[in-house]
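Source file: final33.cif; contents: mmCIF, C-alpha atoms and all ligand atoms.
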data_start
loop_
_atom_site.label_atom_id
_atom_site.label_comp_id
_atom_site.auth_asym_id
_atom_site.auth_seq_id
_atom_site.Cartn_x
_atom_site.Cartn_y
_atom_site.Cartn_z
CA MET A 288 0.00 0.00 0.00
CA ASP A 289 1.37 3.37 -1.06
CA VAL A 290 1.18 5.51 2.04
CA ARG A 291 3.70 8.17 1.00
CA PRO A 292 2.10 11.57 1.51
CA LYS A 293 1.06 13.54 -1.53
CA ARG A 294 -0.55 16.91 -2.06
CA ILE A 295 -2.82 17.41 -5.08
CA VAL A 296 -4.83 20.39 -6.26
CA PHE A 297 -7.82 19.62 -8.51
CA ALA A 298 -9.64 22.20 -10.62
CA ILE A 299 -13.35 21.46 -11.09
CA ASP A 300 -15.41 23.14 -13.80
CA GLY A 301 -19.10 23.14 -14.56
CA LEU A 302 -22.26 23.57 -12.51
CA VAL A 303 -21.03 23.35 -8.93
CA GLN A 304 -23.16 26.06 -7.34
CA GLY A 305 -26.19 24.93 -5.37
CA VAL A 306 -25.75 21.20 -6.02
CA GLY A 307 -24.17 20.30 -2.68
CA PHE A 308 -20.73 20.08 -4.26
CA ARG A 309 -18.62 21.53 -1.44
CA PRO A 310 -20.26 19.42 1.32
CA PHE A 311 -19.88 16.34 -0.91
CA ILE A 312 -16.15 16.99 -1.32
CA GLU A 313 -15.65 17.64 2.38
CA ARG A 314 -17.43 14.41 3.33
CA LEU A 315 -15.37 12.44 0.82
CA ALA A 316 -12.06 13.95 1.98
CA ARG A 317 -12.86 13.20 5.62
CA GLN A 318 -13.88 9.63 4.76
CA HIS A 319 -10.43 9.11 3.30
CA GLY A 320 -8.66 10.95 6.11
CA LEU A 321 -7.37 13.71 3.85
CA SER A 322 -6.66 17.27 4.90
CA GLY A 323 -7.00 20.32 2.67
CA GLY A 324 -9.95 22.35 1.55
CA VAL A 325 -12.34 23.43 -1.16
CA LYS A 326 -12.91 26.96 -2.39
CA ASN A 327 -14.31 28.96 -5.29
CA CYS A 328 -11.58 30.31 -7.56
CA GLY A 329 -12.89 32.41 -10.41
CA GLN A 330 -14.28 30.20 -13.16
CA SER A 331 -13.62 26.95 -11.33
CA VAL A 332 -13.62 25.40 -7.89
CA GLN A 333 -10.33 24.30 -6.36
CA VAL A 334 -10.05 21.18 -4.26
CA GLU A 335 -6.80 20.64 -2.40
CA VAL A 336 -6.08 17.38 -0.62
CA GLN A 337 -3.08 16.03 1.23
CA GLY A 338 -2.62 12.51 2.59
CA PRO A 339 -1.43 9.01 1.68
CA ALA A 340 -1.15 8.52 -2.10
CA LEU A 341 -3.52 5.55 -2.01
CA ALA A 342 -6.17 7.52 -0.13
CA ILE A 343 -5.91 10.31 -2.72
CA ASP A 344 -6.32 7.74 -5.52
CA ARG A 345 -9.52 6.47 -3.91
CA PHE A 346 -10.74 10.03 -3.33
CA ARG A 347 -10.13 10.83 -7.02
CA ILE A 348 -12.01 7.73 -8.22
CA GLU A 349 -15.04 8.45 -6.04
CA MET A 350 -15.08 12.11 -7.02
CA GLN A 351 -15.00 11.18 -10.71
CA THR A 352 -17.65 8.49 -10.29
CA GLU A 353 -19.92 11.14 -8.78
CA SER A 354 -19.21 13.50 -11.67
CA LEU A 355 -20.37 10.80 -14.08
CA ALA A 356 -23.57 10.21 -12.12
CA GLY A 357 -25.55 12.97 -13.78
CA GLN A 358 -23.69 15.85 -12.14
CA GLN A 359 -22.76 18.61 -14.55
CA TRP A 360 -19.18 19.19 -13.47
CA ALA A 361 -15.84 17.57 -14.22
CA VAL A 362 -12.25 17.56 -13.00
CA THR A 363 -10.41 19.65 -15.58
CA ALA A 364 -6.92 19.87 -14.09
CA GLU A 365 -4.79 18.15 -11.50
CA ASN A 366 -1.46 19.41 -10.16
CA GLU A 367 0.88 17.93 -7.63
CA ARG A 368 2.42 20.33 -5.13
CA PRO A 369 5.19 19.85 -2.56
CA VAL A 370 3.83 18.21 0.56
CA ALA A 371 3.05 20.70 3.30
CA LEU A 372 4.76 19.78 6.55
CA ASP A 373 1.79 20.62 8.68
CA SER A 374 -1.73 21.05 7.42
CA THR A 375 -1.88 24.70 8.50
CA SER A 376 0.50 25.54 5.67
CA LEU A 377 -1.91 24.15 3.08
CA ASP A 378 -3.38 26.94 0.99
CA PHE A 379 -6.72 27.23 2.69
CA SER A 380 -6.93 24.67 5.42
CA GLU A 381 -7.05 25.51 9.08
CA PRO A 382 -7.18 22.82 11.71
CA GLY A 383 -10.76 22.54 12.91
CA PRO A 384 -12.23 20.30 15.58
CA GLY A 385 -11.65 16.69 14.51
CA SER A 386 -10.56 17.44 10.97
CA THR A 387 -8.33 19.59 8.89
CA PHE A 388 -10.52 19.71 5.81
CA LYS A 389 -12.37 22.93 5.34
CA ILE A 390 -14.94 24.61 3.14
CA SER A 391 -13.66 28.13 2.56
CA PRO A 392 -16.29 30.84 2.30
CA SER A 393 -16.92 32.07 -1.23
CA VAL A 394 -15.08 35.33 -1.60
CA GLY A 395 -14.17 37.80 -4.26
CA ILE A 396 -15.75 39.06 -7.42
CA ALA A 397 -14.21 36.10 -9.26
CA ALA A 398 -16.60 33.71 -7.52
CA GLN A 399 -19.56 35.64 -8.96
CA ARG A 400 -18.63 34.36 -12.40
CA LEU A 401 -19.40 30.78 -11.43
CA PRO A 402 -22.47 29.55 -13.32
CA LEU A 403 -25.58 28.83 -11.26
CA VAL A 404 -27.72 25.74 -11.76
CA ALA A 405 -31.43 25.75 -12.50
CA ASP A 406 -33.95 24.86 -9.79
CA ARG A 407 -33.89 21.16 -8.97
CA ALA A 408 -37.01 19.05 -8.56
CA ILE A 409 -37.79 17.75 -5.09
CA CYS A 410 -35.64 14.67 -4.39
CA ALA A 411 -36.80 11.23 -3.24
CA GLU A 412 -35.64 11.79 0.36
CA CYS A 413 -37.50 15.10 0.66
CA ARG A 414 -40.62 13.45 -0.79
CA ASP A 415 -40.38 10.74 1.86
CA GLU A 416 -40.03 13.33 4.64
CA LEU A 417 -42.95 15.30 3.24
CA ALA A 418 -45.14 12.20 3.56
CA ASP A 419 -43.80 11.08 6.95
CA SER A 420 -46.05 12.31 9.77
CA THR A 421 -43.24 11.84 12.31
CA ASN A 422 -40.85 14.07 10.38
CA ARG A 423 -40.54 17.69 11.44
CA ARG A 424 -41.00 18.78 7.81
CA TYR A 425 -44.15 16.68 7.32
CA ARG A 426 -46.26 18.49 4.69
CA TYR A 427 -43.97 21.55 4.86
CA PRO A 428 -44.57 23.21 1.46
CA PHE A 429 -41.02 24.63 1.20
CA ILE A 430 -39.01 21.50 2.03
CA SER A 431 -35.62 21.21 0.28
CA CYS A 432 -32.11 19.90 0.92
CA ALA A 433 -28.56 20.27 -0.39
CA ARG A 434 -29.51 18.12 -3.38
CA CYS A 435 -32.84 19.69 -4.37
CA GLY A 436 -34.93 22.82 -4.23
CA PRO A 437 -34.86 26.30 -5.69
CA ARG A 438 -31.56 27.65 -6.98
CA PHE A 439 -31.71 30.05 -9.90
CA SER A 440 -35.15 31.45 -9.06
CA ILE A 441 -34.18 32.58 -5.55
CA ALA A 442 -30.59 33.65 -6.20
CA THR A 443 -30.04 37.38 -6.25
CA MET A 444 -26.35 36.93 -7.08
CA ALA A 445 -23.75 34.16 -7.47
CA PRO A 446 -22.19 32.31 -5.73
CA PHE A 447 -25.10 30.43 -4.23
CA ASP A 448 -24.95 31.24 -0.52
CA ARG A 449 -28.00 32.00 1.60
CA GLU A 450 -27.21 35.68 2.09
CA ARG A 451 -27.38 36.10 -1.69
CA THR A 452 -30.84 34.52 -2.03
CA THR A 453 -34.38 35.59 -1.21
CA MET A 454 -34.10 33.13 1.72
CA ALA A 455 -31.90 35.69 3.49
CA ARG A 456 -35.12 37.10 5.00
CA PHE A 457 -35.71 33.83 6.86
CA PRO A 458 -32.96 33.25 9.43
CA PRO A 459 -32.77 29.52 10.20
CA CYS A 460 -33.96 28.27 13.61
CA ALA A 461 -31.66 26.41 16.02
CA GLU A 462 -32.70 22.97 14.71
CA CYS A 463 -32.04 24.02 11.12
CA VAL A 464 -28.66 25.48 12.11
CA ASP A 465 -27.78 22.12 13.73
CA GLU A 466 -28.61 20.29 10.50
CA TYR A 467 -26.70 22.86 8.44
CA GLU A 468 -23.60 22.34 10.56
CA SER A 469 -23.73 18.56 10.86
CA ILE A 470 -21.61 16.88 8.19
CA ALA A 471 -23.60 13.65 8.36
CA ASN A 472 -26.84 15.51 7.63
CA ARG A 473 -28.36 15.72 4.15
CA ARG A 474 -28.84 19.44 4.75
CA TYR A 475 -25.19 20.08 5.65
CA HIS A 476 -24.43 23.43 4.01
CA ALA A 477 -27.86 23.44 2.30
CA GLN A 478 -28.34 27.14 1.56
CA THR A 479 -32.13 26.76 1.28
CA ILE A 480 -32.54 25.04 4.66
CA SER A 481 -35.77 25.96 6.42
CA CYS A 482 -38.66 24.41 8.28
CA ARG A 483 -42.15 25.26 9.47
CA ASN A 484 -40.66 27.21 12.40
CA CYS A 485 -38.31 29.46 10.48
CA GLY A 486 -39.05 29.33 6.75
CA PRO A 487 -41.64 30.87 4.44
CA GLN A 488 -45.28 29.87 4.97
CA LEU A 489 -48.26 29.50 2.66
CA GLN A 490 -51.01 32.03 3.07
CA TRP A 491 -54.48 32.05 1.53
CA ARG A 492 -55.74 35.26 -0.10
CA ASP A 493 -59.18 35.71 -1.61
CA SER A 494 -59.84 37.08 -5.09
CA GLN A 495 -59.52 40.64 -3.77
CA GLY A 496 -56.04 39.77 -2.55
CA ILE A 497 -57.07 39.91 1.09
CA ALA A 498 -55.23 37.49 3.32
CA SER A 499 -57.28 35.45 5.73
CA GLY A 500 -56.64 36.62 9.24
CA LEU A 501 -56.36 40.23 8.13
CA LEU A 502 -60.07 40.85 7.53
CA ASP A 503 -60.64 42.78 10.72
CA SER A 504 -59.23 42.75 14.17
CA LEU A 505 -61.95 40.54 15.64
CA GLN A 506 -61.68 37.92 12.95
CA SER A 507 -57.94 38.30 13.00
CA ASP A 508 -57.96 37.41 16.70
CA LEU A 509 -60.16 34.39 16.04
CA LEU A 510 -57.90 33.27 13.26
CA GLN A 511 -54.87 33.36 15.53
CA ASN A 512 -56.27 30.10 16.78
CA ASP A 513 -54.71 27.37 14.68
CA ARG A 514 -57.93 25.40 14.41
CA LEU A 515 -59.67 28.32 12.77
CA GLN A 516 -56.80 29.24 10.47
CA PRO A 517 -57.90 28.20 6.99
CA ASP A 518 -55.57 25.68 5.40
CA PRO A 519 -54.34 27.45 2.23
CA LEU A 520 -54.00 24.19 0.29
CA ALA A 521 -57.50 23.03 1.29
CA GLU A 522 -58.91 26.41 0.22
CA ALA A 523 -57.13 26.11 -3.13
CA VAL A 524 -58.53 22.60 -3.63
CA THR A 525 -62.08 23.83 -2.91
CA VAL A 526 -61.81 26.71 -5.38
CA LEU A 527 -60.23 24.54 -8.09
CA ARG A 528 -62.87 21.82 -7.70
CA ALA A 529 -65.54 24.50 -8.10
CA GLY A 530 -63.98 25.44 -11.46
CA GLY A 531 -62.05 28.47 -10.23
CA VAL A 532 -58.62 29.78 -11.16
CA VAL A 533 -56.03 29.86 -8.36
CA ALA A 534 -52.77 31.82 -8.38
CA ILE A 535 -50.03 29.98 -6.49
CA LYS A 536 -46.79 31.46 -5.29
CA SER A 537 -44.17 28.80 -4.69
CA VAL A 538 -40.38 28.73 -4.70
CA SER A 539 -40.37 28.92 -8.49
CA GLY A 540 -42.58 32.00 -8.71
CA PHE A 541 -46.24 32.62 -9.48
CA HIS A 542 -48.40 30.13 -11.39
CA LEU A 543 -52.06 30.06 -12.39
CA ALA A 544 -53.87 26.74 -12.00
CA VAL A 545 -57.18 25.19 -13.08
CA LEU A 546 -58.39 21.60 -13.24
CA ALA A 547 -57.29 20.15 -16.59
CA ALA A 548 -60.56 18.23 -16.99
CA ASN A 549 -62.69 21.37 -16.58
CA ALA A 550 -63.02 22.80 -20.11
CA GLY A 551 -64.76 25.97 -18.90
CA ALA A 552 -62.02 26.75 -16.39
CA VAL A 553 -59.29 26.08 -18.98
CA ALA A 554 -61.04 28.43 -21.42
CA ARG A 555 -61.24 31.14 -18.73
CA LEU A 556 -57.54 30.70 -18.06
CA GLY A 557 -56.88 31.02 -21.81
CA LYS A 558 -58.71 34.38 -21.82
CA LEU A 559 -56.87 35.57 -18.72
CA LYS A 560 -53.53 34.73 -20.26
CA ASN A 561 -54.63 35.91 -23.69
CA ARG A 562 -53.66 32.52 -25.01
CA GLN A 563 -56.64 30.76 -26.60
CA ARG A 564 -54.78 28.82 -29.29
CA LYS A 565 -51.61 27.50 -27.72
CA PRO A 566 -52.26 24.53 -25.41
CA PHE A 567 -51.26 24.63 -21.73
CA ALA A 568 -48.94 22.17 -20.03
CA VAL A 569 -50.55 19.78 -17.58
CA MET A 570 -49.17 18.81 -14.16
CA PHE A 571 -49.99 15.26 -13.09
CA PRO A 572 -50.25 13.94 -9.52
CA SER A 573 -48.45 10.67 -10.37
CA LEU A 574 -46.95 8.63 -13.19
CA ASP A 575 -50.08 6.46 -13.09
CA ALA A 576 -52.14 9.56 -13.79
CA VAL A 577 -49.85 10.43 -16.73
CA ASN A 578 -50.31 6.90 -18.02
CA ALA A 579 -54.08 7.19 -17.78
CA SER A 580 -54.01 10.15 -20.18
CA CYS A 581 -50.90 9.67 -22.31
CA HIS A 582 -48.66 7.05 -23.85
CA LEU A 583 -45.50 6.96 -21.76
CA SER A 584 -42.20 5.26 -22.64
CA THR A 585 -39.50 4.39 -20.12
CA ALA A 586 -37.29 7.19 -21.43
CA GLU A 587 -40.12 9.72 -21.18
CA GLU A 588 -40.83 8.51 -17.65
CA GLN A 589 -37.20 9.16 -16.71
CA TRP A 590 -37.26 12.66 -18.18
CA LEU A 591 -40.46 13.49 -16.33
CA THR A 592 -39.05 12.42 -12.98
CA GLY A 593 -35.52 13.81 -13.52
CA PRO A 594 -34.07 16.66 -11.44
CA ALA A 595 -34.80 19.24 -14.14
CA ALA A 596 -38.55 18.37 -14.11
CA PRO A 597 -39.06 19.36 -17.76
CA ILE A 598 -42.31 19.57 -19.72
CA VAL A 599 -42.39 16.43 -21.89
CA LEU A 600 -44.58 16.35 -24.99
CA LEU A 601 -46.55 13.08 -24.92
CA ASP A 602 -49.10 11.45 -27.23
CA LYS A 603 -52.62 11.63 -25.81
CA ARG A 604 -54.16 8.26 -25.10
CA VAL A 605 -57.35 7.83 -27.12
CA GLY A 606 -60.11 7.22 -24.59
CA GLY A 607 -57.75 8.36 -21.80
CA ASP A 608 -58.65 10.59 -18.85
CA LEU A 609 -58.05 13.83 -20.74
CA THR A 610 -59.47 12.81 -24.14
CA GLY A 611 -62.31 15.28 -24.08
CA ALA A 612 -60.58 17.91 -22.01
CA ALA A 613 -59.80 21.18 -23.67
CA THR A 614 -56.30 21.76 -22.35
CA GLY A 615 -56.28 24.83 -24.54
CA ALA A 616 -56.59 22.77 -27.74
CA ALA A 617 -58.99 19.82 -27.62
CA ASP A 618 -58.00 18.55 -31.05
CA ASN A 619 -54.29 18.56 -30.21
CA PRO A 620 -53.07 14.93 -30.22
CA ARG A 621 -50.32 15.71 -27.72
CA ILE A 622 -50.09 16.95 -24.14
CA GLY A 623 -47.21 18.86 -22.57
CA ALA A 624 -46.90 16.82 -19.38
CA MET A 625 -44.97 17.62 -16.22
CA MET A 626 -44.59 16.34 -12.69
CA PRO A 627 -44.68 18.62 -9.63
CA ALA A 628 -41.16 19.95 -9.06
CA CYS A 629 -41.65 21.58 -5.66
CA ALA A 630 -43.41 20.53 -2.49
CA THR A 631 -46.14 23.20 -2.79
CA HIS A 632 -47.22 21.90 -6.21
CA LEU A 633 -46.78 18.30 -5.08
CA LEU A 634 -49.05 18.75 -2.05
CA LEU A 635 -51.66 20.54 -4.14
CA VAL A 636 -51.93 17.99 -6.98
CA ALA A 637 -51.76 15.13 -4.47
CA ALA A 638 -54.73 16.62 -2.61
CA LEU A 639 -56.65 17.08 -5.87
CA ALA A 640 -55.65 13.62 -7.17
CA GLU A 641 -56.23 14.79 -10.72
CA PRO A 642 -54.30 16.65 -13.44
CA VAL A 643 -54.00 20.42 -13.23
CA VAL A 644 -53.20 22.98 -15.88
CA MET A 645 -50.33 24.95 -14.37
CA THR A 646 -48.96 27.93 -16.23
CA SER A 647 -46.74 30.84 -15.34
CA LEU A 648 -48.72 33.85 -14.18
CA ASN A 649 -46.55 36.12 -16.29
CA ARG A 650 -48.20 37.55 -19.38
CA TYR A 651 -46.31 37.11 -22.62
CA GLY A 652 -43.70 39.82 -23.07
CA ALA A 653 -44.46 41.41 -19.69
CA PRO A 654 -41.87 41.59 -16.92
CA VAL A 655 -41.72 38.65 -14.51
CA VAL A 656 -44.08 39.15 -11.58
CA CYS A 657 -42.41 38.45 -8.27
CA ARG A 658 -44.24 40.75 -5.86
CA ASN A 659 -47.60 39.86 -4.33
CA GLU A 660 -48.99 43.38 -4.84
CA ILE A 661 -48.36 43.31 -8.59
CA ALA A 662 -49.94 39.87 -9.01
CA ILE A 663 -52.99 40.98 -7.02
CA GLU A 664 -53.28 44.21 -9.00
CA GLN A 665 -53.16 42.37 -12.33
CA PHE A 666 -55.63 39.62 -11.48
CA ARG A 667 -57.94 41.15 -8.85
CA GLY A 668 -61.40 39.62 -8.98
CA GLN A 669 -60.47 37.15 -11.72
CA VAL A 670 -58.42 34.58 -9.84
ZN ZN B 701 -34.16 17.08 -1.22
ZN ZN B 702 -35.99 25.81 10.93
#
As structure tokens, what does this structure read like?
Amino acid sequence: MDVRPKRIVFAIDGLVQGVGFRPFIERLARQHGLSGGVKNCGQSVQVEVQGPALAIDRFRIEMQTESLAGQQWAVTAENERPVALDSTSLDFSEPGPGSTFKISPSVGIAAQRLPLVADRAICAECRDELADSTNRRYRYPFISCARCGPRFSIATMAPFDRERTTMARFPPCAECVDEYESIANRRYHAQTISCRNCGPQLQWRDSQGIASGLLDSLQSDLLQNDRLQPDPLAEAVTVLRAGGVVAIKSVSGFHLAVLAANAGAVARLGKLKNRQRKPFAVMFPSLDAVNASCHLSTAEEQWLTGPAAPIVLLDKRVGGDLTGAATGAADNPRIGAMMPACATHLLLVAALAEPVVMTSLNRYGAPVVCRNEIAIEQFRGQV
């Protein structure tokens, strides 16, 4: 076994912001007993490790295996440096409790040039927690982890650190801080970490844009009581089932929703969006529901459930659930299908248990709406 010490600096290029890259590298380095660090350096990320040659070989193999597993980054350079006599003389490592591998804070204008990844669809682990009544994030509509959740849509600037996102307004609670700081935790260094106690909350507003609980002081007092607080998702389900249009603000911005099977509601949405000809994409509660309406191949199934959560154009099933539905174009033989990408949408379509037309609230050519007041002003009385 080659245990001679070596010191290697790797340059990593690609999409490394907001994909849990730095925590992944730290975990891997510690597993192999390596010291060193990881930091943003202009266009790339630098990983420096020092330790037995064999351990570095294993570290390299596992790092490259991960980069082949659907991650959009790659090792682009590798340089050997003279071994540092003590780990404090490594470029950016300082001895910490129990380890000498360190994630350096992103600094400098150079780091702002790192590309940022798109939002990532809710991962399998977060889905499980969302459905687990014993989990502290059970049915929490803004659940996410280091591997999934909003990225691009909440970033105000690169690199992707919490203080440069719209999450900066929600300081994490003590429990979330514990998870953020625990290397074994899936939310270690997860910039979007939040929970019911500290993160954003859903709120129901009526078609005049008035939030429940703010009607008047008396009612407001009554609504302080949790039992009387209307459940925003339940309210949305009621309105949608009655054929209404609901505007939903989630991590990925504002959307308008109607039941896909309700031709009248879809037509109203078409008028609202000034889009009577072009069909709308449909969000399905499950793959079974997609299958009931469309022909679905294995490849299409994988696209639908992938981290990018794209809209996949599928052939309508003749005699399927949405045969007669006017999803904006009844005679169109195809449906733009998608799966819920965030917990808010997931909880909503799961509660409805039927397909929903979900479209961006933004009008064609108009600036992106991100403030509640503007959305309310534009759609007052109609949604
Ligand atoms: Zn997740
Ligand atoms: Zn919290």
Practice prompt. Using only C-alpha atoms and all ligand atoms, determine which residues fall within 7 Å of ligand ZN 702 (chain B), then list them as an MDAnalysis selection string.
Written response: chainID A and resid 459:463 481:486
Fill in: Distance of atom CA of A:Leu635 from atom CA of A:Thr479, expressed in Å to one decimal place
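These atoms are spaced 21.2 Å apart.
Atom pair atom CA of A:Arg449 / atom CA of A:Val325 has a distance of 18.1 Å (rounded to one decimal).
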Discussion item. To one decimal place in Å, what is the distance between atom CA of A:Val533 and atom CA of A:Arg424?
Written reply: 24.7 Å
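Closest approach to A:Gln318 among A:Ala628, A:Ala364, A:Ala371, A:Ile470 is made by A:Ile470 (distances from only C-alpha atoms).
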Item to complete: Could you pull out the residues sitting within 8 Å of ligand ZN 701 (chain B), using only C-alpha atoms and all ligand atoms, and write them as a count of residues only?
Response: 13
